[in-house]
file start.cif (mmCIF, C-alpha atoms)
data_structure
loop_
_atom_site.group_PDB
_atom_site.id
_atom_site.type_symbol
_atom_site.label_atom_id
_atom_site.label_comp_id
_atom_site.auth_asym_id
_atom_site.auth_seq_id
_atom_site.Cartn_x
_atom_site.Cartn_y
_atom_site.Cartn_z
ATOM 1 C CA MET A 1 -18.756 -6.940 55.297
ATOM 2 C CA LYS A 2 -16.543 -8.420 57.979
ATOM 3 C CA LEU A 3 -13.500 -10.643 57.855
ATOM 4 C CA GLY A 4 -12.369 -11.677 61.361
ATOM 5 C CA SER A 5 -12.633 -8.666 63.583
ATOM 6 C CA GLU A 6 -12.092 -6.076 60.824
ATOM 7 C CA ALA A 7 -14.827 -4.373 58.819
ATOM 8 C CA TYR A 8 -14.419 -3.919 55.059
ATOM 9 C CA VAL A 9 -16.454 -1.932 52.548
ATOM 10 C CA LEU A 10 -16.624 -2.887 48.863
ATOM 11 C CA THR A 11 -15.166 0.042 46.905
ATOM 12 C CA TRP A 12 -16.146 1.248 43.459
ATOM 13 C CA ASP A 13 -12.612 1.113 42.043
ATOM 14 C CA ARG A 14 -12.184 -2.537 42.919
ATOM 15 C CA LEU A 15 -15.661 -3.471 41.709
ATOM 16 C CA ARG A 16 -14.959 -1.725 38.412
ATOM 17 C CA VAL A 17 -11.713 -3.675 38.012
ATOM 18 C CA PHE A 18 -13.416 -6.943 38.971
ATOM 19 C CA ALA A 19 -16.171 -6.348 36.427
ATOM 20 C CA ALA A 20 -13.511 -5.941 33.718
ATOM 21 C CA VAL A 21 -11.787 -9.173 34.804
ATOM 22 C CA ALA A 22 -15.102 -11.031 34.755
ATOM 23 C CA ARG A 23 -16.068 -9.580 31.370
ATOM 24 C CA HIS A 24 -12.746 -10.291 29.632
ATOM 25 C CA GLY A 25 -11.757 -13.441 31.487
ATOM 26 C CA SER A 26 -8.173 -12.447 32.258
ATOM 27 C CA VAL A 27 -6.098 -10.010 34.272
ATOM 28 C CA ARG A 28 -4.139 -8.934 31.208
ATOM 29 C CA ALA A 29 -7.196 -8.079 29.104
ATOM 30 C CA ALA A 30 -8.768 -6.180 32.003
ATOM 31 C CA ALA A 31 -5.555 -4.200 32.492
ATOM 32 C CA GLU A 32 -5.448 -3.259 28.794
ATOM 33 C CA THR A 33 -9.089 -2.171 28.836
ATOM 34 C CA LEU A 34 -8.683 -0.051 31.979
ATOM 35 C CA HIS A 35 -5.253 1.295 30.967
ATOM 36 C CA ILE A 36 -3.580 0.112 34.177
ATOM 37 C CA THR A 37 -0.918 -2.507 34.879
ATOM 38 C CA GLY A 38 -1.510 -6.210 35.403
ATOM 39 C CA PRO A 39 -0.067 -6.103 38.946
ATOM 40 C CA ALA A 40 -2.482 -3.277 39.786
ATOM 41 C CA VAL A 41 -5.408 -5.436 38.638
ATOM 42 C CA SER A 42 -4.139 -8.373 40.717
ATOM 43 C CA GLN A 43 -3.776 -6.119 43.748
ATOM 44 C CA HIS A 44 -7.366 -4.899 43.373
ATOM 45 C CA LEU A 45 -8.566 -8.520 43.137
ATOM 46 C CA HIS A 46 -6.633 -9.521 46.246
ATOM 47 C CA ARG A 47 -8.036 -6.633 48.259
ATOM 48 C CA LEU A 48 -11.560 -7.222 46.946
ATOM 49 C CA GLU A 49 -11.411 -10.843 48.092
ATOM 50 C CA LYS A 50 -10.454 -9.585 51.548
ATOM 51 C CA GLU A 51 -13.360 -7.162 51.490
ATOM 52 C CA ALA A 52 -15.768 -9.862 50.306
ATOM 53 C CA GLY A 53 -14.433 -12.456 52.747
ATOM 54 C CA CYS A 54 -14.228 -15.209 50.119
ATOM 55 C CA SER A 55 -12.394 -16.295 46.979
ATOM 56 C CA LEU A 56 -13.691 -14.709 43.801
ATOM 57 C CA VAL A 57 -11.302 -16.239 41.247
ATOM 58 C CA GLU A 58 -9.341 -19.455 41.016
ATOM 59 C CA PRO A 59 -6.534 -20.708 38.749
ATOM 60 C CA ASP A 60 -7.541 -22.218 35.410
ATOM 61 C CA GLY A 61 -4.458 -23.395 33.531
ATOM 62 C CA ARG A 62 -2.471 -20.248 32.806
ATOM 63 C CA GLY A 63 -5.523 -18.081 33.355
ATOM 64 C CA ILE A 64 -8.239 -17.643 35.954
ATOM 65 C CA ARG A 65 -11.947 -18.325 36.242
ATOM 66 C CA LEU A 66 -14.661 -17.038 38.525
ATOM 67 C CA THR A 67 -15.778 -18.995 41.566
ATOM 68 C CA HIS A 68 -19.486 -19.250 42.344
ATOM 69 C CA ALA A 69 -19.151 -16.237 44.645
ATOM 70 C CA GLY A 70 -17.260 -14.444 41.877
ATOM 71 C CA ARG A 71 -20.050 -15.027 39.383
ATOM 72 C CA VAL A 72 -22.614 -13.688 41.865
ATOM 73 C CA LEU A 73 -20.572 -10.559 42.563
ATOM 74 C CA ALA A 74 -19.700 -10.075 38.875
ATOM 75 C CA ALA A 75 -23.377 -9.573 38.000
ATOM 76 C CA SER A 76 -23.714 -6.772 40.540
ATOM 77 C CA ALA A 77 -20.371 -5.242 39.615
ATOM 78 C CA GLN A 78 -21.274 -5.167 35.923
ATOM 79 C CA ALA A 79 -24.651 -3.599 36.734
ATOM 80 C CA MET A 80 -22.809 -0.829 38.587
ATOM 81 C CA VAL A 81 -20.411 -0.306 35.683
ATOM 82 C CA ASP A 82 -23.341 -0.111 33.256
ATOM 83 C CA ALA A 83 -25.139 2.379 35.500
ATOM 84 C CA ALA A 84 -22.017 4.554 35.754
ATOM 85 C CA ALA A 85 -21.590 4.460 31.962
ATOM 86 C CA ARG A 86 -25.220 5.513 31.473
ATOM 87 C CA ALA A 87 -24.787 8.355 33.941
ATOM 88 C CA GLU A 88 -21.657 9.557 32.152
ATOM 89 C CA LEU A 89 -23.427 9.314 28.802
ATOM 90 C CA ASP A 90 -26.433 11.249 30.139
ATOM 91 C CA LEU A 91 -24.207 14.053 31.422
ATOM 92 C CA THR A 92 -22.253 14.198 28.166
ATOM 93 C CA ASN A 93 -25.401 14.280 26.059
ATOM 94 C CA LEU A 94 -26.961 16.866 28.335
ATOM 95 C CA GLY A 95 -24.240 19.317 27.433
ATOM 96 C CA GLY A 96 -24.162 18.265 23.782
ATOM 97 C CA LEU A 97 -20.481 19.138 23.674
ATOM 98 C CA VAL A 98 -18.181 17.603 21.089
ATOM 99 C CA VAL A 99 -15.192 17.300 23.410
ATOM 100 C CA GLY A 100 -12.814 14.677 24.761
ATOM 101 C CA PRO A 101 -11.519 11.403 23.314
ATOM 102 C CA LEU A 102 -12.929 9.886 20.128
ATOM 103 C CA ARG A 103 -11.390 6.452 19.462
ATOM 104 C CA ILE A 104 -11.778 5.381 15.843
ATOM 105 C CA GLY A 105 -10.816 2.156 14.099
ATOM 106 C CA ALA A 106 -10.833 2.101 10.300
ATOM 107 C CA VAL A 107 -9.940 -0.073 7.345
ATOM 108 C CA ALA A 108 -6.884 1.244 5.493
ATOM 109 C CA SER A 109 -8.682 2.381 2.333
ATOM 110 C CA ALA A 110 -11.092 4.593 4.278
ATOM 111 C CA LEU A 111 -8.321 5.778 6.571
ATOM 112 C CA ARG A 112 -6.372 7.051 3.594
ATOM 113 C CA SER A 113 -9.180 8.547 1.534
ATOM 114 C CA VAL A 114 -11.867 9.864 3.902
ATOM 115 C CA VAL A 115 -11.050 9.786 7.606
ATOM 116 C CA PRO A 116 -8.198 12.378 7.704
ATOM 117 C CA ARG A 117 -10.300 15.029 5.962
ATOM 118 C CA VAL A 118 -13.236 14.302 8.272
ATOM 119 C CA LEU A 119 -11.111 14.597 11.392
ATOM 120 C CA GLN A 120 -9.541 17.817 10.141
ATOM 121 C CA SER A 121 -12.995 19.310 9.656
ATOM 122 C CA LEU A 122 -14.184 18.129 13.078
ATOM 123 C CA THR A 123 -11.149 19.374 14.987
ATOM 124 C CA ASP A 124 -11.331 22.741 13.224
ATOM 125 C CA ARG A 125 -14.902 23.147 14.471
ATOM 126 C CA HIS A 126 -14.392 21.413 17.828
ATOM 127 C CA PRO A 127 -10.835 22.117 19.020
ATOM 128 C CA ARG A 128 -11.412 20.258 22.317
ATOM 129 C CA LEU A 129 -12.089 17.007 20.469
ATOM 130 C CA GLU A 130 -9.248 14.478 20.896
ATOM 131 C CA PRO A 131 -9.418 11.877 18.083
ATOM 132 C CA GLU A 132 -7.362 8.695 18.200
ATOM 133 C CA VAL A 133 -7.113 6.445 15.133
ATOM 134 C CA SER A 134 -5.949 2.881 14.519
ATOM 135 C CA ASP A 135 -6.274 0.731 11.410
ATOM 136 C CA GLY A 136 -7.361 -2.876 11.225
ATOM 137 C CA GLU A 137 -9.985 -5.326 10.060
ATOM 138 C CA ALA A 138 -13.576 -5.715 11.205
ATOM 139 C CA ALA A 139 -12.791 -9.111 12.749
ATOM 140 C CA GLN A 140 -10.490 -7.412 15.272
ATOM 141 C CA MET A 141 -12.083 -3.979 15.546
ATOM 142 C CA ILE A 142 -15.718 -4.965 16.145
ATOM 143 C CA PRO A 143 -14.898 -6.945 19.346
ATOM 144 C CA ALA A 144 -12.886 -3.923 20.542
ATOM 145 C CA LEU A 145 -15.894 -1.703 19.805
ATOM 146 C CA HIS A 146 -18.204 -4.091 21.658
ATOM 147 C CA ALA A 147 -15.816 -4.119 24.631
ATOM 148 C CA GLY A 148 -15.736 -0.321 24.830
ATOM 149 C CA GLN A 149 -12.153 0.029 23.593
ATOM 150 C CA LEU A 150 -13.249 1.889 20.434
ATOM 151 C CA ASP A 151 -16.057 4.420 19.894
ATOM 152 C CA ALA A 152 -16.609 3.916 16.162
ATOM 153 C CA VAL A 153 -15.347 1.551 13.469
ATOM 154 C CA VAL A 154 -15.183 2.334 9.754
ATOM 155 C CA MET A 155 -15.534 -1.137 8.252
ATOM 156 C CA GLU A 156 -15.973 -2.788 4.877
ATOM 157 C CA SER A 157 -18.337 -5.554 3.833
ATOM 158 C CA TRP A 158 -18.320 -7.284 0.454
ATOM 159 C CA THR A 159 -21.722 -8.129 -0.996
ATOM 160 C CA HIS A 160 -20.838 -11.769 -1.678
ATOM 161 C CA ALA A 161 -18.952 -12.132 1.652
ATOM 162 C CA PRO A 162 -20.740 -9.849 4.158
ATOM 163 C CA ALA A 163 -19.115 -8.939 7.460
ATOM 164 C CA ARG A 164 -21.009 -9.981 10.571
ATOM 165 C CA THR A 165 -21.713 -7.760 13.553
ATOM 166 C CA PRO A 166 -22.948 -8.974 16.970
ATOM 167 C CA PRO A 167 -26.229 -7.868 18.575
ATOM 168 C CA GLY A 168 -26.047 -4.362 19.968
ATOM 169 C CA ILE A 169 -23.879 -2.994 17.146
ATOM 170 C CA ALA A 170 -25.495 -0.520 14.746
ATOM 171 C CA THR A 171 -24.113 0.179 11.258
ATOM 172 C CA SER A 172 -24.636 3.237 9.051
ATOM 173 C CA THR A 173 -23.828 2.714 5.375
ATOM 174 C CA LEU A 174 -21.599 5.400 3.850
ATOM 175 C CA VAL A 175 -20.689 4.053 0.417
ATOM 176 C CA LEU A 176 -21.778 1.252 -1.901
ATOM 177 C CA GLU A 177 -19.166 0.996 -4.622
ATOM 178 C CA ASP A 178 -17.982 -1.284 -7.391
ATOM 179 C CA ALA A 179 -14.658 -3.072 -7.251
ATOM 180 C CA LEU A 180 -12.329 -3.022 -10.255
ATOM 181 C CA VAL A 181 -9.838 -5.549 -11.556
ATOM 182 C CA ALA A 182 -6.364 -4.035 -11.717
ATOM 183 C CA VAL A 183 -4.096 -5.542 -14.400
ATOM 184 C CA PRO A 184 -0.795 -4.432 -15.961
ATOM 185 C CA THR A 185 -1.307 -2.251 -19.035
ATOM 186 C CA GLU A 186 0.346 -4.897 -21.230
ATOM 187 C CA HIS A 187 -1.963 -7.650 -19.928
ATOM 188 C CA PRO A 188 -4.018 -9.436 -22.637
ATOM 189 C CA LEU A 189 -7.242 -8.317 -20.916
ATOM 190 C CA ALA A 190 -6.248 -4.669 -20.458
ATOM 191 C CA HIS A 191 -8.069 -3.507 -23.599
ATOM 192 C CA LEU A 192 -11.485 -4.850 -22.515
ATOM 193 C CA ALA A 193 -14.309 -2.550 -21.420
ATOM 194 C CA SER A 194 -15.207 -5.130 -18.754
ATOM 195 C CA VAL A 195 -13.614 -8.408 -17.772
ATOM 196 C CA PRO A 196 -15.523 -11.645 -17.091
ATOM 197 C CA LEU A 197 -14.253 -13.176 -13.877
ATOM 198 C CA THR A 198 -13.964 -16.547 -15.599
ATOM 199 C CA ALA A 199 -11.230 -15.015 -17.786
ATOM 200 C CA LEU A 200 -9.023 -14.539 -14.705
ATOM 201 C CA ARG A 201 -8.430 -18.213 -13.999
ATOM 202 C CA GLY A 202 -4.792 -19.023 -13.450
ATOM 203 C CA GLU A 203 -3.762 -15.448 -12.580
ATOM 204 C CA VAL A 204 -1.405 -14.613 -9.734
ATOM 205 C CA TRP A 205 -3.150 -12.280 -7.270
ATOM 206 C CA THR A 206 -2.225 -9.720 -4.679
ATOM 207 C CA SER A 207 -4.696 -9.103 -1.862
ATOM 208 C CA CYS A 208 -5.009 -8.071 1.752
ATOM 209 C CA PRO A 209 -3.655 -10.596 4.304
ATOM 210 C CA PRO A 210 -5.526 -13.808 5.186
ATOM 211 C CA GLY A 211 -8.195 -13.152 7.804
ATOM 212 C CA SER A 212 -9.114 -9.790 6.306
ATOM 213 C CA ASP A 213 -12.555 -9.175 4.793
ATOM 214 C CA ALA A 214 -11.008 -8.338 1.421
ATOM 215 C CA HIS A 215 -8.953 -11.545 1.281
ATOM 216 C CA GLU A 216 -11.924 -13.701 2.251
ATOM 217 C CA ALA A 217 -14.081 -11.931 -0.341
ATOM 218 C CA LEU A 218 -11.521 -12.558 -3.106
ATOM 219 C CA ILE A 219 -11.118 -16.245 -2.238
ATOM 220 C CA ARG A 220 -14.882 -16.798 -2.188
ATOM 221 C CA LEU A 221 -15.261 -14.966 -5.477
ATOM 222 C CA LEU A 222 -12.573 -16.979 -7.243
ATOM 223 C CA HIS A 223 -13.942 -20.258 -5.919
ATOM 224 C CA ARG A 224 -17.412 -19.282 -7.122
ATOM 225 C CA PHE A 225 -16.076 -19.032 -10.647
ATOM 226 C CA GLU A 226 -14.436 -22.460 -10.501
ATOM 227 C CA GLU A 227 -10.987 -21.151 -9.658
ATOM 228 C CA ASN A 228 -10.342 -23.697 -6.919
ATOM 229 C CA ARG A 229 -6.575 -23.201 -7.002
ATOM 230 C CA ALA A 230 -6.449 -19.443 -6.580
ATOM 231 C CA SER A 231 -2.866 -18.205 -6.326
ATOM 232 C CA VAL A 232 -2.631 -15.266 -3.911
ATOM 233 C CA ARG A 233 1.127 -14.818 -3.553
ATOM 234 C CA TYR A 234 1.361 -11.219 -2.412
ATOM 235 C CA CYS A 235 -0.528 -10.388 0.788
ATOM 236 C CA VAL A 236 -0.264 -6.732 1.806
ATOM 237 C CA ALA A 237 -2.810 -4.661 3.717
ATOM 238 C CA ASP A 238 -2.283 -1.528 1.666
ATOM 239 C CA TYR A 239 -4.091 -1.201 -1.695
ATOM 240 C CA ALA A 240 -1.493 1.336 -2.895
ATOM 241 C CA THR A 241 1.187 -1.334 -2.488
ATOM 242 C CA GLN A 242 -0.997 -3.874 -4.257
ATOM 243 C CA LEU A 243 -1.307 -1.497 -7.220
ATOM 244 C CA GLN A 244 2.476 -1.106 -7.302
ATOM 245 C CA LEU A 245 2.785 -4.897 -7.509
ATOM 246 C CA VAL A 246 0.341 -4.856 -10.424
ATOM 247 C CA ALA A 247 2.342 -2.084 -12.113
ATOM 248 C CA ALA A 248 5.417 -4.300 -11.817
ATOM 249 C CA SER A 249 3.530 -7.079 -13.677
ATOM 250 C CA LEU A 250 3.794 -9.382 -10.664
ATOM 251 C CA ALA A 251 0.059 -9.859 -10.023
ATOM 252 C CA VAL A 252 -3.480 -8.709 -10.630
ATOM 253 C CA ALA A 253 -5.756 -7.311 -7.913
ATOM 254 C CA LEU A 254 -9.370 -6.649 -7.005
ATOM 255 C CA VAL A 255 -9.500 -3.040 -5.833
ATOM 256 C CA PRO A 256 -12.488 -1.063 -4.490
ATOM 257 C CA ARG A 257 -13.096 2.204 -6.320
ATOM 258 C CA MET A 258 -12.324 4.224 -3.165
ATOM 259 C CA ALA A 259 -8.806 2.794 -3.126
ATOM 260 C CA ALA A 260 -8.217 3.319 -6.849
ATOM 261 C CA ALA A 261 -8.226 7.128 -6.822
ATOM 262 C CA HIS A 262 -4.443 7.320 -7.235
ATOM 263 C CA THR A 263 -3.508 4.560 -9.644
ATOM 264 C CA PRO A 264 0.154 4.384 -10.705
ATOM 265 C CA GLU A 265 1.300 4.261 -14.293
ATOM 266 C CA GLY A 266 1.349 0.794 -15.781
ATOM 267 C CA VAL A 267 -2.007 -0.246 -14.286
ATOM 268 C CA GLN A 268 -5.321 -0.599 -16.097
ATOM 269 C CA LEU A 269 -8.550 -0.699 -14.068
ATOM 270 C CA ILE A 270 -11.405 -2.712 -15.567
ATOM 271 C CA PRO A 271 -14.963 -3.267 -14.261
ATOM 272 C CA CYS A 272 -15.865 -6.865 -13.406
ATOM 273 C CA ARG A 273 -18.546 -8.922 -15.078
ATOM 274 C CA PRO A 274 -20.672 -9.671 -13.086
ATOM 275 C CA ALA A 275 -20.185 -6.614 -10.888
ATOM 276 C CA VAL A 276 -18.470 -7.004 -7.511
ATOM 277 C CA THR A 277 -19.505 -4.483 -4.859
ATOM 278 C CA ARG A 278 -18.252 -3.342 -1.465
ATOM 279 C CA THR A 279 -20.015 -1.433 1.315
ATOM 280 C CA VAL A 280 -18.203 0.967 3.629
ATOM 281 C CA ALA A 281 -20.054 1.644 6.880
ATOM 282 C CA VAL A 282 -19.548 3.107 10.354
ATOM 283 C CA ALA A 283 -20.301 0.740 13.232
ATOM 284 C CA THR A 284 -21.174 2.025 16.720
ATOM 285 C CA VAL A 285 -22.596 0.566 19.910
ATOM 286 C CA ARG A 286 -26.350 0.978 19.685
ATOM 287 C CA GLY A 287 -27.652 3.585 22.141
ATOM 288 C CA ALA A 288 -24.160 4.813 23.115
ATOM 289 C CA GLU A 289 -23.694 7.480 20.439
ATOM 290 C CA THR A 290 -22.208 10.424 22.349
ATOM 291 C CA PRO A 291 -22.027 13.896 20.748
ATOM 292 C CA PRO A 292 -18.448 13.227 19.489
ATOM 293 C CA ILE A 293 -19.591 9.956 17.881
ATOM 294 C CA GLN A 294 -22.676 11.617 16.395
ATOM 295 C CA ALA A 295 -20.546 14.439 14.993
ATOM 296 C CA PHE A 296 -18.084 11.965 13.477
ATOM 297 C CA LEU A 297 -20.865 9.927 11.876
ATOM 298 C CA ALA A 298 -22.571 13.036 10.447
ATOM 299 C CA GLU A 299 -19.294 14.367 9.007
ATOM 300 C CA MET A 300 -18.426 10.970 7.503
ATOM 301 C CA GLU A 301 -21.828 10.828 5.816
ATOM 302 C CA ARG A 302 -21.462 14.389 4.508
ATOM 303 C CA SER A 303 -17.944 13.778 3.201
ATOM 304 C CA CYS A 304 -18.903 10.534 1.433
ATOM 305 C CA ARG A 305 -21.944 12.176 -0.180
ATOM 306 C CA SER A 306 -19.764 14.970 -1.533
ATOM 307 C CA ARG A 307 -17.416 12.418 -3.153
ATOM 308 C CA GLN A 308 -20.161 10.621 -5.046
ATOM 309 C CA PRO A 309 -20.590 11.595 -8.706
#
call {"tool": "encode", "arguments": {"input": "start.cif", "output": "structure tokens"}}
result
Amino acid sequence: MKLGSEAYVLTWDRLRVFAAVARHGSVRAAAETLHITGPAVSQHLHRLEKEAGCSLVEPDGRGIRLTHAGRVLAASAQAMVDAAARAELDLTNLGGLVVGPLRIGAVASALRSVVPRVLQSLTDRHPRLEPEVSDGEAAQMIPALHAGQLDAVVMESWTHAPARTPPGIATSTLVLEDALVAVPTEHPLAHLASVPLTALRGEVWTSCPPGSDAHEALIRLLHRFEENRASVRYCVADYATQLQLVAASLAVALVPRMAAAHTPEGVQLIPCRPAVTRTVAVATVRGAETPPIQAFLAEMERSCRSRQP
């Protein structure tokens, strides 16, 4: 391409950066995805516009949006990024080596009970594997997975409040387990073999924070059983902390069996009536399962099978 009397050639680095800007809709998000600075992204955009000989983005409030020329170029740039990703995946799969980064997101209960043991086993067998782990909720982690910022997500989904995944995301179920009601040992219901959910009206609850799958599942469940004024006063992401609040007679909780392995003194766990169930699954991008991802999924499945009675 020419601009004035100078000749310019569109470069791969700048097209890759532009594709990220177009995909995420902002310089900041593109910089975070590519692990470079915002000014570096802006510099690539400026130079790319010189190479293209036209404006590719324009101000939109505090952000930017693509011009018509930008939208045309973005399609080609994204096609190149996709082709490069496929080539990298083909080369990785060709060797079948379990090496390099493995970026995992996981809900806290799985992160505490299963994931560390799985990663220990994998790194013992594959010392060149480089796992990275962060905790969170499906609502935040699945978009990061879809955007290529994570390789696998260990997520939860409650039967009466199922988590949703976008097209292109595959899920492999690891565990289907019952949830238990945790009450203080001196609670009037503590002696029951199972507790009807209608008997829990008026209780003070502890749960995961609003916006989490577990919190939404609890609220829906309580509303279903005519508890329209559910009192969830203690919102903490960690089930171990929730159980400590129960032990202190401050609240009751709904706890998945996986998270109830180490229950403190002063807490009684009782099955619900009717049963409340939770699924734990691994989500991946369909068709992008590299050898490290495949190894992680296989080890997670093996570890969860070995834990089942």
call {"tool": "residues_around", "arguments": {"input": "start.cif", "residues": "Thr173 in chain A", "least_positions_apart": "4", "cutoff": "10 Å", "atoms": "all atoms listed in the file", "output": "CSV table (one decimal) with C-alpha atoms, in the coordinates of the input"}}
result
chain,number,residue,atom,x,y,z
A,154,VAL,CA,-15.2,2.3,9.8
A,155,MET,CA,-15.5,-1.1,8.3
A,156,GLU,CA,-16.0,-2.8,4.9
A,279,THR,CA,-20.0,-1.4,1.3
A,280,VAL,CA,-18.2,1.0,3.6
A,281,ALA,CA,-20.1,1.6,6.9
A,282,VAL,CA,-19.5,3.1,10.4
A,283,ALA,CA,-20.3,0.7,13.2
A,301,GLU,CA,-21.8,10.8,5.8
call {"tool": "closest_residue", "arguments": {"input": "start.cif", "among": "A:Val115, A:Val72, A:Ile219, A:Leu122", "to": "Val232 in chain A", "atoms": "all atoms listed in the file"}}
result
A:Ile219
call {"tool": "resolve_selection", "arguments": {"input": "start.cif", "expression": "the PyMOL selection byres ((chain A and resi 80) around 12)", "output": "PDB file with C-alpha atoms, in the frame of the given file"}}
result
ATOM      1  CA  THR A  11     -15.166   0.042  46.905  1.00  0.00           C
ATOM      2  CA  TRP A  12     -16.146   1.248  43.459  1.00  0.00           C
ATOM      3  CA  ASP A  13     -12.612   1.113  42.043  1.00  0.00           C
ATOM      4  CA  ARG A  14     -12.184  -2.537  42.919  1.00  0.00           C
ATOM      5  CA  LEU A  15     -15.661  -3.471  41.709  1.00  0.00           C
ATOM      6  CA  ARG A  16     -14.959  -1.725  38.412  1.00  0.00           C
ATOM      7  CA  VAL A  17     -11.713  -3.675  38.012  1.00  0.00           C
ATOM      8  CA  PHE A  18     -13.416  -6.943  38.971  1.00  0.00           C
ATOM      9  CA  ALA A  19     -16.171  -6.348  36.427  1.00  0.00           C
ATOM     10  CA  ALA A  20     -13.511  -5.941  33.718  1.00  0.00           C
ATOM     11  CA  LEU A  73     -20.572 -10.559  42.563  1.00  0.00           C
ATOM     12  CA  ALA A  74     -19.700 -10.075  38.875  1.00  0.00           C
ATOM     13  CA  ALA A  75     -23.377  -9.573  38.000  1.00  0.00           C
ATOM     14  CA  SER A  76     -23.714  -6.772  40.540  1.00  0.00           C
ATOM     15  CA  ALA A  77     -20.371  -5.242  39.615  1.00  0.00           C
ATOM     16  CA  GLN A  78     -21.274  -5.167  35.923  1.00  0.00           C
ATOM     17  CA  ALA A  79     -24.651  -3.599  36.734  1.00  0.00           C
ATOM     18  CA  VAL A  81     -20.411  -0.306  35.683  1.00  0.00           C
ATOM     19  CA  ASP A  82     -23.341  -0.111  33.256  1.00  0.00           C
ATOM     20  CA  ALA A  83     -25.139   2.379  35.500  1.00  0.00           C
ATOM     21  CA  ALA A  84     -22.017   4.554  35.754  1.00  0.00           C
ATOM     22  CA  ALA A  85     -21.590   4.460  31.962  1.00  0.00           C
ATOM     23  CA  ARG A  86     -25.220   5.513  31.473  1.00  0.00           C
ATOM     24  CA  ALA A  87     -24.787   8.355  33.941  1.00  0.00           C
TER      25      ALA A  87
END
call {"tool": "resolve_selection", "arguments": {"input": "start.cif", "expression": "the PyMOL selection byres ((chain A and resi 189-205) around 9)", "output": "PyMOL selection string"}}
result
chain A and resi 181-188+206-207+221-222+225-227+229-235+246+250-254+267-274
call {"tool": "resolve_selection", "arguments": {"input": "start.cif", "expression": "the PyMOL selection byres ((chain A and resi 108) around 10)", "output": "PDB file with C-alpha atoms, keeping the file's coordinate frame"}}
result
ATOM      1  CA  GLY A 105     -10.816   2.156  14.099  1.00  0.00           C
ATOM      2  CA  ALA A 106     -10.833   2.101  10.300  1.00  0.00           C
ATOM      3  CA  VAL A 107      -9.940  -0.073   7.345  1.00  0.00           C
ATOM      4  CA  SER A 109      -8.682   2.381   2.333  1.00  0.00           C
ATOM      5  CA  ALA A 110     -11.092   4.593   4.278  1.00  0.00           C
ATOM      6  CA  LEU A 111      -8.321   5.778   6.571  1.00  0.00           C
ATOM      7  CA  ARG A 112      -6.372   7.051   3.594  1.00  0.00           C
ATOM      8  CA  SER A 113      -9.180   8.547   1.534  1.00  0.00           C
ATOM      9  CA  VAL A 115     -11.050   9.786   7.606  1.00  0.00           C
ATOM     10  CA  SER A 134      -5.949   2.881  14.519  1.00  0.00           C
ATOM     11  CA  ASP A 135      -6.274   0.731  11.410  1.00  0.00           C
ATOM     12  CA  GLY A 136      -7.361  -2.876  11.225  1.00  0.00           C
ATOM     13  CA  GLU A 137      -9.985  -5.326  10.060  1.00  0.00           C
ATOM     14  CA  VAL A 154     -15.183   2.334   9.754  1.00  0.00           C
ATOM     15  CA  MET A 155     -15.534  -1.137   8.252  1.00  0.00           C
ATOM     16  CA  GLU A 156     -15.973  -2.788   4.877  1.00  0.00           C
ATOM     17  CA  ALA A 237      -2.810  -4.661   3.717  1.00  0.00           C
ATOM     18  CA  ASP A 238      -2.283  -1.528   1.666  1.00  0.00           C
ATOM     19  CA  TYR A 239      -4.091  -1.201  -1.695  1.00  0.00           C
ATOM     20  CA  ALA A 240      -1.493   1.336  -2.895  1.00  0.00           C
ATOM     21  CA  ALA A 259      -8.806   2.794  -3.126  1.00  0.00           C
TER      22      ALA A 259
END
call {"tool": "closest_residue", "arguments": {"input": "start.cif", "among": "A:Leu176, A:Ala163, A:Ala31, A:Val236", "to": "Arg257 in chain A", "atoms": "only C-alpha atoms"}}
result
A:Leu176
call {"tool": "residues_around", "arguments": {"input": "start.cif", "residues": "range 126-129 of chain A", "least_positions_apart": "6", "cutoff": "10 Å", "atoms": "only C-alpha atoms", "output": "JSON, numbers by chain"}}
result
{"A": [97, 98, 99, 100, 101, 102, 119, 120, 292, 295]}
call {"tool": "atom_distance", "arguments": {"input": "start.cif", "atom1": "CA of His146 in chain A", "atom2": "CA of Cys208 in chain A"}}
result
24.2 Å
call {"tool": "atom_distance", "arguments": {"input": "start.cif", "atom1": "CA of His24 in chain A", "atom2": "CA of Val57 in chain A"}}
result
13.1 Å
call {"tool": "atom_distance", "arguments": {"input": "start.cif", "atom1": "CA of Gly211 in chain A", "atom2": "CA of Leu297 in chain A"}}
result
26.6 Å
call {"tool": "closest_residue", "arguments": {"input": "start.cif", "among": "A:Leu180, A:Ala147, A:Arg62, A:His44", "to": "Pro256 in chain A", "atoms": "all atoms listed in the file"}}
result
A:Leu180
